[in-house]
Amino acid sequence: MHVIETDNLTKRFGTLVAVDHVSFSVEEGEIFGFLGPNGAGKTTTINMLTTILNPTEGSAKVGGFDVEKQDANVREIIGLVPQDLTVDEDLTGMENMMLQAKLYHVPTKVAKERIRDVLSLVRLNDAANRRVETYSGGMRKLLELAEGLIHHPKVLFLDEPTLGLDVQTRVVIWEYIKKLRDEHRITMFLTTHYMEEADVLCDRIAIIDLGKIVALDTPQNLKDSLGGDIIELEFNRKMNDQTKTLNSLPQVKDVKKIGDTYRIKVPKGEEALPEIMENMLKMNLRIGKVSLVKPTLDQVYLEYTGRSLRETQGETGEIWRRMRTLRRMQG
Amino acid sequence: MIEETIALTKREVKKWIKNPFLLFMMLIQPVIWLGLFGKAFNLTGFISVPPEFQGQFDKMIRDTFSGTTDYFTYMAAGMLSVIVLFTAMFTGMSVVWDRRFGFLNKLLVAPIPRGSIVLAKVSSSVIRGMFQVLLVFGIAFAFGLQVGHAFGILDFFGVLAALFLLSLGLSSMFLAITIRIKSHETVIAVANLLNLPLMFASNALFPIKQMPEWLQTIAKFNPISYAADAVRTFILHSSAGFDAAKVAVDFQFLIGFALIFSLAGILIARTGLRKG
C-alpha cells in the first residue's frame with residue numbers, strides 16, 4: 001500500500017502557483033526526499049500533506065486518508081518536525097515533551113517511559129529539566145525530533161531537518177533518522193536543499209523546481225542518468241585542439257573543451273582513466289593535470305533545472321524565514 | 001477537548017509565571033495607575049467649601065460618584081475593570097508569537113480540536129486578568145481604598161464574578177479581532193486604538209453624568225461601565241443599603257456580553273486559525 005499518494009496536488013496563493021500538479025507516491029518504510037531550492041514549494045507540499053493547508057486542486061492521501069476530507073484521521077497517524085524551531089523556550093525539555101504527549105493523547109504513565117527512552121536516544125536526558133532557552137540550536141532540533149516521535153507516528157514529516165546545524169550534529173541527526181526507519185519502519189518524507197543530505201538519507205528523491213517535480217528516482221539512478229563520470233585533463237604545454245583525438249578513444253562518449261581543459265564524459269571513470277592515459281603516452285602526448293569527477297546530485301540538479309542549486313535564490317519571504325531560523329540557531 | 005485545553009492553558013500560564021520581569025511589570029503598572037492617576041486627580045477634593053455647606057456638598061458628590069466622597073475609592077474600583085481590559089487586549093499577541101515561531105503549525109497538525117487552542121488562549125488570558133485583579137485590589141487597599149461598612153466576603157466574590165465575565169467577553173473579543181494578524185505592531189496598534197475609547201467612554205474613571213449626551217450613549221453600551229458599576233456597588237456596600245436591582249441589571253448585561261462574545265469570538269477565532 002502507498003503510505004503517501006498525491007494526485008495532481010496543486011496550491012495557488014493568488015497568482016503564485018506554489019505547488020503545480022504534483023503526483024507521486026511513497027511506500028511504507030521508505031525515506032522519500034523533496035530536493036529543491038528555497039521557494040520551490042517543499043514546505044507548501046508538507047503543509048498540505050499535514051493538513052495545515054488545503055489543496056487548491058488535486059488530492060493527497062496519507063495512510064489511506066484524504067488530507068482534506070479526513071484530516072482528523074490523518075493527524076492521528078502523522079508526526080511533523082517543522083523547519084522552524086517550535087519548541088517552547090520558556091519551558092524545560094521535559095515540559096515540552098509532556099505537552100506534546102498530552103496533545104497526542106498519550107497517557108501520562110506511558111508518556112513518562114517513552115520520553116525517557118526518546119530523550120536518551122537523542123542524548124538529551126541530562127538537559128531534560130533545563131529550560132530550552134539554554135539549549136544550543138542542535139539540541140533544540142534534537143528535542144524537536146524527539147517530540148515528533150512521542151506518539152509513535154506511522155509517517156514522519158521532516159521539513160529541512162538539519163537546516164543551519166553544524167556538520168557533527170547533522171551526522172547525528174542523519175544516523176538517528178536512519179535508525180528510526182530501520183528499527184520502527186517509520187515512513188519518512190523529508191525536504192532539504194542539501195545535496196549530501198538527500199544523497200545519504202533518501203531511498204528516492206524528487207527534484208522539485210518552481211512547484212513542479214522535474215525528476216524522481218533513487219539517488220544512484222539520478223546520478224547514472226547523467227551518463228557517467230567526467231575526466232578533466234590538461235596537457236603539459238599549449239597545443240592544437242585535441243578534441244577529435246580524444247573523442248576517437250574507446251569508452252569516451254563526449255568531449256568538451258573549456259579553455260585549456262578537456263571535459264571527457266565516460267561511463268566508468270576508474271576504468272577509462274588508465275586507458276586514456278596509456279593511449280596518450282603512446283601518442284606522445286604528455287598530460288599536465290588530470291582529475292576524475294564523480295557525478296553528484298548538484299550536477300543532476302543542474303542537468304534538470306538548468307541552474308545550480310547553490311546559485312538559485314528563493315523569494316524574499318522564504319529567505320527572511322531562513323535567515324530568522326539561522327539567527328535563532330546561533331542565539 | 002478539556003484535557004488538551006488544560007494542557008495548553010498550563011503552558012501559557014507557565015510562560016508568564018516563570019517570567020520575573022513580566023510579574024514585576026504586572027505589579028508596577030497598577031501601582032503607577034493607582035498612585036499617579038488615583039491620587040493626583042483627586043476630583044472630589046478640588047473644591048473646599050465652608051463647613052456649614054459640607055454636608056450638602058458631600059451629598060452632591062455622593063450622587064455623582066456612586067455614593068463615595070473619596071475619588072481614589074471611586075477610581076480604584078473602576079481601575080479593576082480597566083486592568084481587565086489591559087490584560088484582555090493582548091490575548092491575540094501570543095497567537096502572533098505562536099504563528100511566527102511555527103508553534104501554531106505544530107498545534108494545527110496535532111489531533112486536537114481547533115477550539116481547544118482558542119479556548120486555552122482565552123482561559124489563560126482570563127486567569128491572568130483575575131490574577132491582576134487580585135493584585136490591584138491588594139494594592140488599592142494598601143493605598144487607602146475605603147470599602148463600605150457592610151463589605152463582606154460575598155461582595156468580594158461578587159466583584160470577582162463581575163470581572164470574570166468582563167474578562168471572558170473582552171478576551172474572546174480581542175482574540176477574534178486579532179486572530180488573523182501576523183505582526184505584533186498591528187496587534188499593538190489595534191489594542192491602542194480600542195483601549196482609549198473603551199476606557200474613557202465608561203464610568204470606570206469618571207462619572208457618566210458629567211459626560212456629553214453622545215458619550216453617555218456610548219458608555220451605556222460599554223461593558224466596562226457595567227462591570228465597574230457592579231464592582232463599585234459591591235465595594236461600597238454599606239449599612240445604608242445595597243442597590244440589588246442595579247447590580248442585577250449589571251449582571252444581566254455582563255452575562256449576555258460574556259456569552260455572546262465568547263461564543264462568537266471562539267467561533268471566529270477557530271476559523272481564523274487556518275492558514276488558507
# chains A, B, ... in the order shown; residues from 1 in each chain; ligands from 1

$ interface_residues --of "chain A" --to "chain B" --cutoff "10 Å" --atoms "only C-alpha atoms" --output "PDB file with N, CA and C atoms, in the first residue's frame"
ATOM      1  N   PHE A  13      -1.348  30.571  -4.332  1.00  0.00           N
ATOM      2  CA  PHE A  13      -1.545  31.730  -3.464  1.00  0.00           C
ATOM      3  C   PHE A  13      -1.729  32.919  -4.380  1.00  0.00           C
ATOM      4  N   ASN A  47       2.905  21.222   4.155  1.00  0.00           N
ATOM      5  CA  ASN A  47       1.746  21.809   4.822  1.00  0.00           C
ATOM      6  C   ASN A  47       0.433  21.192   4.338  1.00  0.00           C
ATOM      7  N   LEU A  49       0.172  18.074   3.041  1.00  0.00           N
ATOM      8  CA  LEU A  49       0.146  16.669   3.473  1.00  0.00           C
ATOM      9  C   LEU A  49      -0.135  16.545   4.965  1.00  0.00           C
ATOM     10  N   THR A  50       0.207  17.592   5.738  1.00  0.00           N
ATOM     11  CA  THR A  50      -0.024  17.535   7.177  1.00  0.00           C
ATOM     12  C   THR A  50      -1.295  18.286   7.579  1.00  0.00           C
ATOM     13  N   THR A  51      -2.141  18.569   6.626  1.00  0.00           N
ATOM     14  CA  THR A  51      -3.473  19.176   6.827  1.00  0.00           C
ATOM     15  C   THR A  51      -3.454  20.618   7.326  1.00  0.00           C
ATOM     16  N   ILE A  52      -2.321  21.282   7.275  1.00  0.00           N
ATOM     17  CA  ILE A  52      -2.307  22.688   7.694  1.00  0.00           C
ATOM     18  C   ILE A  52      -2.942  23.545   6.599  1.00  0.00           C
ATOM     19  N   LEU A  53      -2.687  23.180   5.353  1.00  0.00           N
ATOM     20  CA  LEU A  53      -3.252  23.898   4.211  1.00  0.00           C
ATOM     21  C   LEU A  53      -4.128  22.946   3.409  1.00  0.00           C
ATOM     22  N   ASN A  54      -5.184  23.484   2.840  1.00  0.00           N
ATOM     23  CA  ASN A  54      -5.984  22.683   1.920  1.00  0.00           C
ATOM     24  C   ASN A  54      -5.464  22.870   0.509  1.00  0.00           C
ATOM     25  N   PRO A  55      -5.443  21.789  -0.295  1.00  0.00           N
ATOM     26  CA  PRO A  55      -5.005  21.944  -1.684  1.00  0.00           C
ATOM     27  C   PRO A  55      -6.000  22.806  -2.468  1.00  0.00           C
ATOM     28  N   THR A  56      -5.487  23.552  -3.448  1.00  0.00           N
ATOM     29  CA  THR A  56      -6.373  24.305  -4.326  1.00  0.00           C
ATOM     30  C   THR A  56      -6.982  23.357  -5.355  1.00  0.00           C
ATOM     31  N   ASP A  71      -9.122  14.869   7.512  1.00  0.00           N
ATOM     32  CA  ASP A  71      -7.927  15.472   8.112  1.00  0.00           C
ATOM     33  C   ASP A  71      -7.704  15.019   9.558  1.00  0.00           C
ATOM     34  N   ALA A  72      -8.808  14.766  10.280  1.00  0.00           N
ATOM     35  CA  ALA A  72      -8.652  14.328  11.673  1.00  0.00           C
ATOM     36  C   ALA A  72      -7.942  12.974  11.736  1.00  0.00           C
ATOM     37  N   ASN A  73      -8.310  12.057  10.817  1.00  0.00           N
ATOM     38  CA  ASN A  73      -7.654  10.743  10.784  1.00  0.00           C
ATOM     39  C   ASN A  73      -6.183  10.876  10.429  1.00  0.00           C
ATOM     40  N   VAL A  74      -5.897  11.764   9.488  1.00  0.00           N
ATOM     41  CA  VAL A  74      -4.511  11.960   9.065  1.00  0.00           C
ATOM     42  C   VAL A  74      -3.680  12.435  10.246  1.00  0.00           C
ATOM     43  N   ARG A  75      -4.210  13.404  10.988  1.00  0.00           N
ATOM     44  CA  ARG A  75      -3.453  13.981  12.110  1.00  0.00           C
ATOM     45  C   ARG A  75      -3.112  12.939  13.166  1.00  0.00           C
ATOM     46  N   GLU A  76      -3.966  11.929  13.301  1.00  0.00           N
ATOM     47  CA  GLU A  76      -3.709  10.893  14.308  1.00  0.00           C
ATOM     48  C   GLU A  76      -2.441  10.087  14.004  1.00  0.00           C
ATOM     49  N   ILE A  77      -2.123   9.913  12.726  1.00  0.00           N
ATOM     50  CA  ILE A  77      -1.044   8.979  12.393  1.00  0.00           C
ATOM     51  C   ILE A  77       0.252   9.649  11.946  1.00  0.00           C
ATOM     52  N   ILE A  78       0.257  10.972  11.888  1.00  0.00           N
ATOM     53  CA  ILE A  78       1.464  11.641  11.404  1.00  0.00           C
ATOM     54  C   ILE A  78       2.198  12.382  12.519  1.00  0.00           C
ATOM     55  N   GLY A  79       3.479  12.629  12.278  1.00  0.00           N
ATOM     56  CA  GLY A  79       4.256  13.494  13.144  1.00  0.00           C
ATOM     57  C   GLY A  79       4.943  14.515  12.251  1.00  0.00           C
ATOM     58  N   LEU A  80       5.197  15.717  12.793  1.00  0.00           N
ATOM     59  CA  LEU A  80       5.845  16.750  11.988  1.00  0.00           C
ATOM     60  C   LEU A  80       7.026  17.327  12.747  1.00  0.00           C
ATOM     61  N   VAL A  81       8.171  17.368  12.084  1.00  0.00           N
ATOM     62  CA  VAL A  81       9.307  18.108  12.629  1.00  0.00           C
ATOM     63  C   VAL A  81       9.459  19.332  11.750  1.00  0.00           C
ATOM     64  N   PRO A  82       8.950  20.468  12.210  1.00  0.00           N
ATOM     65  CA  PRO A  82       8.893  21.636  11.345  1.00  0.00           C
ATOM     66  C   PRO A  82      10.268  22.251  11.095  1.00  0.00           C
ATOM     67  N   GLN A  83      10.309  23.088  10.083  1.00  0.00           N
ATOM     68  CA  GLN A  83      11.550  23.763   9.712  1.00  0.00           C
ATOM     69  C   GLN A  83      11.979  24.736  10.814  1.00  0.00           C
ATOM     70  N   ASP A  84      11.017  25.485  11.334  1.00  0.00           N
ATOM     71  CA  ASP A  84      11.341  26.427  12.404  1.00  0.00           C
ATOM     72  C   ASP A  84      11.502  25.669  13.709  1.00  0.00           C
ATOM     73  N   LEU A  85      12.240  26.279  14.622  1.00  0.00           N
ATOM     74  CA  LEU A  85      12.358  25.677  15.944  1.00  0.00           C
ATOM     75  C   LEU A  85      11.126  26.071  16.735  1.00  0.00           C
ATOM     76  N   THR A  86      10.249  25.112  16.975  1.00  0.00           N
ATOM     77  CA  THR A  86       8.985  25.458  17.599  1.00  0.00           C
ATOM     78  C   THR A  86       8.909  25.020  19.055  1.00  0.00           C
ATOM     79  N   VAL A  87       9.978  24.394  19.570  1.00  0.00           N
ATOM     80  CA  VAL A  87       9.924  24.040  20.985  1.00  0.00           C
ATOM     81  C   VAL A  87       9.867  25.328  21.798  1.00  0.00           C
ATOM     82  N   ASP A  88       9.131  25.270  22.904  1.00  0.00           N
ATOM     83  CA  ASP A  88       8.895  26.475  23.689  1.00  0.00           C
ATOM     84  C   ASP A  88      10.095  26.780  24.577  1.00  0.00           C
ATOM     85  N   GLU A  89      10.707  27.932  24.324  1.00  0.00           N
ATOM     86  CA  GLU A  89      11.925  28.314  25.052  1.00  0.00           C
ATOM     87  C   GLU A  89      11.699  28.498  26.543  1.00  0.00           C
ATOM     88  N   ASP A  90      10.501  28.902  26.904  1.00  0.00           N
ATOM     89  CA  ASP A  90      10.245  29.218  28.307  1.00  0.00           C
ATOM     90  C   ASP A  90      10.015  27.983  29.154  1.00  0.00           C
ATOM     91  N   LEU A  91       9.822  26.836  28.489  1.00  0.00           N
ATOM     92  CA  LEU A  91       9.584  25.601  29.232  1.00  0.00           C
ATOM     93  C   LEU A  91      10.852  24.745  29.207  1.00  0.00           C
ATOM     94  N   GLU A  95       9.037  19.518  30.027  1.00  0.00           N
ATOM     95  CA  GLU A  95       7.699  20.123  29.935  1.00  0.00           C
ATOM     96  C   GLU A  95       7.221  20.172  28.492  1.00  0.00           C
ATOM     97  N   ASN A  96       8.147  20.465  27.591  1.00  0.00           N
ATOM     98  CA  ASN A  96       7.808  20.458  26.174  1.00  0.00           C
ATOM     99  C   ASN A  96       7.337  19.073  25.730  1.00  0.00           C
ATOM    100  N   MET A  98       6.119  16.663  27.637  1.00  0.00           N
ATOM    101  CA  MET A  98       4.853  16.315  28.274  1.00  0.00           C
ATOM    102  C   MET A  98       3.680  16.984  27.565  1.00  0.00           C
ATOM    103  N   LEU A  99       3.888  18.241  27.174  1.00  0.00           N
ATOM    104  CA  LEU A  99       2.830  18.951  26.462  1.00  0.00           C
ATOM    105  C   LEU A  99       2.502  18.225  25.160  1.00  0.00           C
ATOM    106  N   GLN A 100       3.558  17.851  24.447  1.00  0.00           N
ATOM    107  CA  GLN A 100       3.380  17.135  23.193  1.00  0.00           C
ATOM    108  C   GLN A 100       2.620  15.814  23.424  1.00  0.00           C
ATOM    109  N   ALA A 101       3.006  15.109  24.493  1.00  0.00           N
ATOM    110  CA  ALA A 101       2.343  13.837  24.811  1.00  0.00           C
ATOM    111  C   ALA A 101       0.850  14.057  25.069  1.00  0.00           C
ATOM    112  N   LYS A 102       0.527  15.133  25.786  1.00  0.00           N
ATOM    113  CA  LYS A 102      -0.870  15.457  26.087  1.00  0.00           C
ATOM    114  C   LYS A 102      -1.638  15.735  24.797  1.00  0.00           C
ATOM    115  N   LEU A 103      -0.986  16.459  23.894  1.00  0.00           N
ATOM    116  CA  LEU A 103      -1.663  16.827  22.647  1.00  0.00           C
ATOM    117  C   LEU A 103      -1.932  15.597  21.782  1.00  0.00           C
ATOM    118  N   TYR A 104      -1.138  14.546  21.993  1.00  0.00           N
ATOM    119  CA  TYR A 104      -1.341  13.331  21.205  1.00  0.00           C
ATOM    120  C   TYR A 104      -1.980  12.221  22.030  1.00  0.00           C
ATOM    121  N   HIS A 105      -2.579  12.619  23.147  1.00  0.00           N
ATOM    122  CA  HIS A 105      -3.365  11.694  23.965  1.00  0.00           C
ATOM    123  C   HIS A 105      -2.569  10.470  24.423  1.00  0.00           C
ATOM    124  N   GLY A 148       8.502  14.781  17.784  1.00  0.00           N
ATOM    125  CA  GLY A 148       7.790  14.212  16.648  1.00  0.00           C
ATOM    126  C   GLY A 148       7.543  12.718  16.783  1.00  0.00           C
ATOM    127  N   ARG A 321      12.592  34.009   6.269  1.00  0.00           N
ATOM    128  CA  ARG A 321      12.305  32.923   7.196  1.00  0.00           C
ATOM    129  C   ARG A 321      13.568  32.160   7.531  1.00  0.00           C
ATOM    130  N   ARG A 324      15.898  34.053   9.682  1.00  0.00           N
ATOM    131  CA  ARG A 324      15.444  34.119  11.063  1.00  0.00           C
ATOM    132  C   ARG A 324      15.773  32.817  11.791  1.00  0.00           C
ATOM    133  N   THR A 325      15.505  31.715  11.090  1.00  0.00           N
ATOM    134  CA  THR A 325      15.793  30.421  11.702  1.00  0.00           C
ATOM    135  C   THR A 325      17.276  30.308  12.020  1.00  0.00           C
TER     136      THR A 325
END

$ closest_residue --among "B:Val82, B:Asp250, B:Leu154, B:Arg232" --to "Lys220 of chain B" --atoms "only C-alpha atoms"
B:Asp250

$ atom_distance --atom1 "atom CA of Leu198 of chain B" --atom2 "atom CA of Thr178 of chain B"
16.7 Å

$ atom_distance --atom1 "atom CA of Asp229 of chain B" --atom2 "atom CA of Ile266 of chain B"
26.9 Å

$ select_by_dssp --residues "segment 69-280 of chain A" --states "helix (DSSP H, G or I)" --output "PyMOL selection string"
chain A and resi 71-77+93-103+108-121+125-127+132-134+137-147+167-184+195-201+219-224+243-248+269-280

$ atom_distance --atom1 "atom CA of Tyr226 of chain B" --atom2 "atom CA of Met75 of chain B"
14.4 Å

$ closest_residue --among "B:Asp58, B:Ser81, B:Ser125, B:Phe206" --to "Phe41 of chain B" --atoms "only C-alpha atoms"
B:Phe206

$ residues_around --residues "Val22 of chain A" --least-positions-apart "3" --cutoff "8 Å" --atoms "only C-alpha atoms" --output "PyMOL selection string"
chain A and resi 6-10+19+211-213

$ residues_around --residues "Gly33 of chain A" --least-positions-apart "2" --cutoff "6 Å" --atoms "only C-alpha atoms" --output "list in words"
Phe189, Leu190, Thr191, Cys202 and Ile205 of chain A

$ write_last_selection --atoms "N, CA and C atoms" --output "short mmCIF file (atom, residue, chain, number, x, y, z; two decimals), in the first residue's frame"
data_model
loop_
_atom_site.label_atom_id
_atom_site.label_comp_id
_atom_site.auth_asym_id
_atom_site.auth_seq_id
_atom_site.Cartn_x
_atom_site.Cartn_y
_atom_site.Cartn_z
N PHE A 189 9.03 11.46 5.09
CA PHE A 189 9.01 12.38 3.97
C PHE A 189 9.83 13.58 4.41
N LEU A 190 10.92 13.83 3.72
CA LEU A 190 11.72 14.98 4.16
C LEU A 190 12.02 15.94 3.01
N THR A 191 12.19 17.19 3.38
CA THR A 191 12.59 18.18 2.37
C THR A 191 13.98 18.67 2.74
N CYS A 202 18.10 9.50 1.55
CA CYS A 202 16.85 9.16 0.87
C CYS A 202 16.96 7.89 0.02
N ILE A 205 14.36 10.26 -4.44
CA ILE A 205 14.37 11.72 -4.39
C ILE A 205 13.50 12.27 -5.50
#

$ residues_around --residues "Gly138 of chain B" --least-positions-apart "2" --cutoff "12 Å" --atoms "only C-alpha atoms" --output "ChimeraX atom specification"
/B:27,30-31,34,76-77,80,131-136,140-145

$ write_last_selection --atoms "C-alpha atoms" --output "PDB file, in the first residue's frame"
ATOM      1  CA  LEU B  27       2.846  44.742  39.808  1.00  0.00           C
ATOM      2  CA  PRO B  30      -1.276  49.213  38.739  1.00  0.00           C
ATOM      3  CA  VAL B  31       0.915  50.967  41.305  1.00  0.00           C
ATOM      4  CA  LEU B  34      -3.423  53.998  41.219  1.00  0.00           C
ATOM      5  CA  ALA B  76      -9.723  52.226  42.200  1.00  0.00           C
ATOM      6  CA  ALA B  77     -12.988  50.318  41.831  1.00  0.00           C
ATOM      7  CA  LEU B  80     -10.174  46.878  38.409  1.00  0.00           C
ATOM      8  CA  PHE B 131      -4.581  37.428  38.968  1.00  0.00           C
ATOM      9  CA  GLN B 132      -4.065  41.092  38.128  1.00  0.00           C
ATOM     10  CA  VAL B 133      -7.406  41.937  39.694  1.00  0.00           C
ATOM     11  CA  LEU B 134      -6.333  40.393  42.998  1.00  0.00           C
ATOM     12  CA  LEU B 135      -3.053  42.261  42.796  1.00  0.00           C
ATOM     13  CA  VAL B 136      -4.702  45.611  42.070  1.00  0.00           C
ATOM     14  CA  ALA B 140      -5.590  49.716  46.190  1.00  0.00           C
ATOM     15  CA  PHE B 141      -6.287  48.564  49.718  1.00  0.00           C
ATOM     16  CA  ALA B 142      -2.777  49.491  50.778  1.00  0.00           C
ATOM     17  CA  PHE B 143      -3.211  52.909  49.161  1.00  0.00           C
ATOM     18  CA  GLY B 144      -6.333  53.611  51.172  1.00  0.00           C
ATOM     19  CA  LEU B 145      -9.309  52.139  49.385  1.00  0.00           C
TER      20      LEU B 145
END

$ residues_around --residues "Val172 of chain A" --least-positions-apart "3" --cutoff "10 Å" --atoms "only C-alpha atoms" --output "CSV table (one decimal) with C-alpha atoms, in the first residue's frame"
chain,number,residue,atom,x,y,z
A,122,VAL,CA,18.8,11.9,21.2
A,138,GLY,CA,21.4,21.4,17.7
A,142,LEU,CA,17.0,17.1,18.5
A,162,THR,CA,19.3,19.9,9.5
A,167,VAL,CA,28.3,19.1,10.4
A,168,GLN,CA,28.6,16.9,13.5
A,169,THR,CA,25.1,17.5,14.6
A,175,GLU,CA,22.1,8.4,11.9
A,176,TYR,CA,19.1,8.9,14.1
A,177,ILE,CA,16.7,9.2,11.1

$ residues_around --residues "segment 237-246 of chain A" --least-positions-apart "3" --cutoff "10 Å" --atoms "only C-alpha atoms" --output "PyMOL selection string"
chain A and resi 234+249-250+252-257+260+262-264+276+279-280+283+285-288

$ write_last_selection --atoms "N, CA and C atoms" --output "tab-separated table (two decimals), in the first residue's frame"
chain	number	residue	atom	x	y	z
A	234	GLU	N	44.34	18.34	-18.62
A	234	GLU	CA	45.06	19.42	-19.28
A	234	GLU	C	46.40	18.86	-19.73
A	249	LEU	N	38.97	7.80	-28.90
A	249	LEU	CA	39.39	6.76	-27.98
A	249	LEU	C	38.20	5.89	-27.54
A	250	PRO	N	38.45	4.60	-27.25
A	250	PRO	CA	37.37	3.75	-26.76
A	250	PRO	C	36.86	4.26	-25.41
A	252	VAL	N	35.11	6.68	-24.58
A	252	VAL	CA	34.78	8.10	-24.50
A	252	VAL	C	33.46	8.38	-25.19
A	253	LYS	N	32.57	9.05	-24.45
A	253	LYS	CA	31.24	9.34	-25.01
A	253	LYS	C	31.14	10.75	-25.57
A	254	ASP	N	31.87	11.66	-24.92
A	254	ASP	CA	31.72	13.06	-25.32
A	254	ASP	C	32.92	13.85	-24.81
A	255	VAL	N	33.37	14.82	-25.58
A	255	VAL	CA	34.47	15.66	-25.14
A	255	VAL	C	34.10	17.12	-25.34
A	256	LYS	N	34.35	17.92	-24.29
A	256	LYS	CA	34.12	19.36	-24.40
A	256	LYS	C	35.40	20.06	-24.00
A	257	LYS	N	35.78	21.09	-24.74
A	257	LYS	CA	36.98	21.84	-24.40
A	257	LYS	C	36.57	23.17	-23.81
A	260	ASP	N	41.75	25.55	-21.57
A	260	ASP	CA	42.75	24.52	-21.87
A	260	ASP	C	42.32	23.15	-21.34
A	262	TYR	N	40.00	19.82	-21.00
A	262	TYR	CA	39.09	18.94	-21.74
A	262	TYR	C	38.20	18.22	-20.74
A	263	ARG	N	36.91	18.29	-20.96
A	263	ARG	CA	35.97	17.53	-20.11
A	263	ARG	C	35.50	16.31	-20.89
A	264	ILE	N	35.91	15.13	-20.42
A	264	ILE	CA	35.62	13.91	-21.15
A	264	ILE	C	34.58	13.09	-20.40
A	276	ILE	N	42.94	5.83	-21.05
A	276	ILE	CA	43.15	7.10	-21.75
A	276	ILE	C	44.60	7.56	-21.58
A	279	ASN	N	46.91	5.55	-23.80
A	279	ASN	CA	46.79	5.97	-25.19
A	279	ASN	C	47.50	7.28	-25.46
A	280	MET	N	47.38	8.19	-24.49
A	280	MET	CA	48.02	9.49	-24.63
A	280	MET	C	49.54	9.33	-24.74
A	283	MET	N	50.74	8.11	-27.97
A	283	MET	CA	50.73	9.16	-28.99
A	283	MET	C	51.71	10.27	-28.67
A	285	LEU	N	51.69	12.28	-26.15
A	285	LEU	CA	51.07	13.48	-25.60
A	285	LEU	C	51.21	13.43	-24.08
A	286	ARG	N	51.88	14.44	-23.52
A	286	ARG	CA	52.10	14.41	-22.08
A	286	ARG	C	51.00	15.19	-21.35
A	287	ILE	N	50.53	14.59	-20.27
A	287	ILE	CA	49.42	15.19	-19.51
A	287	ILE	C	49.98	15.99	-18.34
A	288	GLY	N	49.48	17.21	-18.18
A	288	GLY	CA	49.92	18.05	-17.07
A	288	GLY	C	49.09	17.83	-15.82

$ decode --residues "segment 81-95 of chain B" --atoms "N, CA and C atoms" --output "CSV table (one decimal), in the first residue's frame"
chain,number,residue,atom,x,y,z
B,81,SER,N,-11.7,47.1,36.5
B,81,SER,CA,-12.2,46.8,35.2
B,81,SER,C,-11.2,47.2,34.1
B,82,VAL,N,-10.6,48.3,34.3
B,82,VAL,CA,-9.6,48.8,33.3
B,82,VAL,C,-8.4,47.8,33.2
B,83,ILE,N,-8.0,47.3,34.3
B,83,ILE,CA,-6.9,46.3,34.3
B,83,ILE,C,-7.3,45.0,33.6
B,84,VAL,N,-8.5,44.7,33.7
B,84,VAL,CA,-9.0,43.5,33.0
B,84,VAL,C,-9.0,43.8,31.5
B,85,LEU,N,-9.3,45.0,31.1
B,85,LEU,CA,-9.2,45.4,29.7
B,85,LEU,C,-7.8,45.3,29.2
B,86,PHE,N,-6.9,45.9,30.0
B,86,PHE,CA,-5.4,45.9,29.7
B,86,PHE,C,-4.9,44.5,29.4
B,87,THR,N,-5.3,43.5,30.2
B,87,THR,CA,-4.8,42.2,30.0
B,87,THR,C,-5.5,41.5,28.8
B,88,ALA,N,-6.8,41.8,28.7
B,88,ALA,CA,-7.5,41.1,27.6
B,88,ALA,C,-7.0,41.6,26.2
B,89,MET,N,-6.6,42.9,26.2
B,89,MET,CA,-6.1,43.5,24.9
B,89,MET,C,-5.1,42.7,24.2
B,90,PHE,N,-4.3,42.0,25.0
B,90,PHE,CA,-3.1,41.3,24.4
B,90,PHE,C,-3.3,39.8,24.2
B,91,THR,N,-4.6,39.4,24.3
B,91,THR,CA,-4.8,37.9,24.1
B,91,THR,C,-4.3,37.5,22.8
B,92,GLY,N,-4.5,38.3,21.8
B,92,GLY,CA,-4.1,37.9,20.4
B,92,GLY,C,-2.5,37.9,20.2
B,93,MET,N,-1.8,38.6,21.2
B,93,MET,CA,-0.4,38.7,21.0
B,93,MET,C,0.3,37.4,21.0
B,94,SER,N,-0.1,36.5,21.9
B,94,SER,CA,0.6,35.2,21.9
B,94,SER,C,0.3,34.4,20.7
B,95,VAL,N,-0.8,34.6,20.0
B,95,VAL,CA,-1.1,33.9,18.8
B,95,VAL,C,-0.1,34.3,17.7
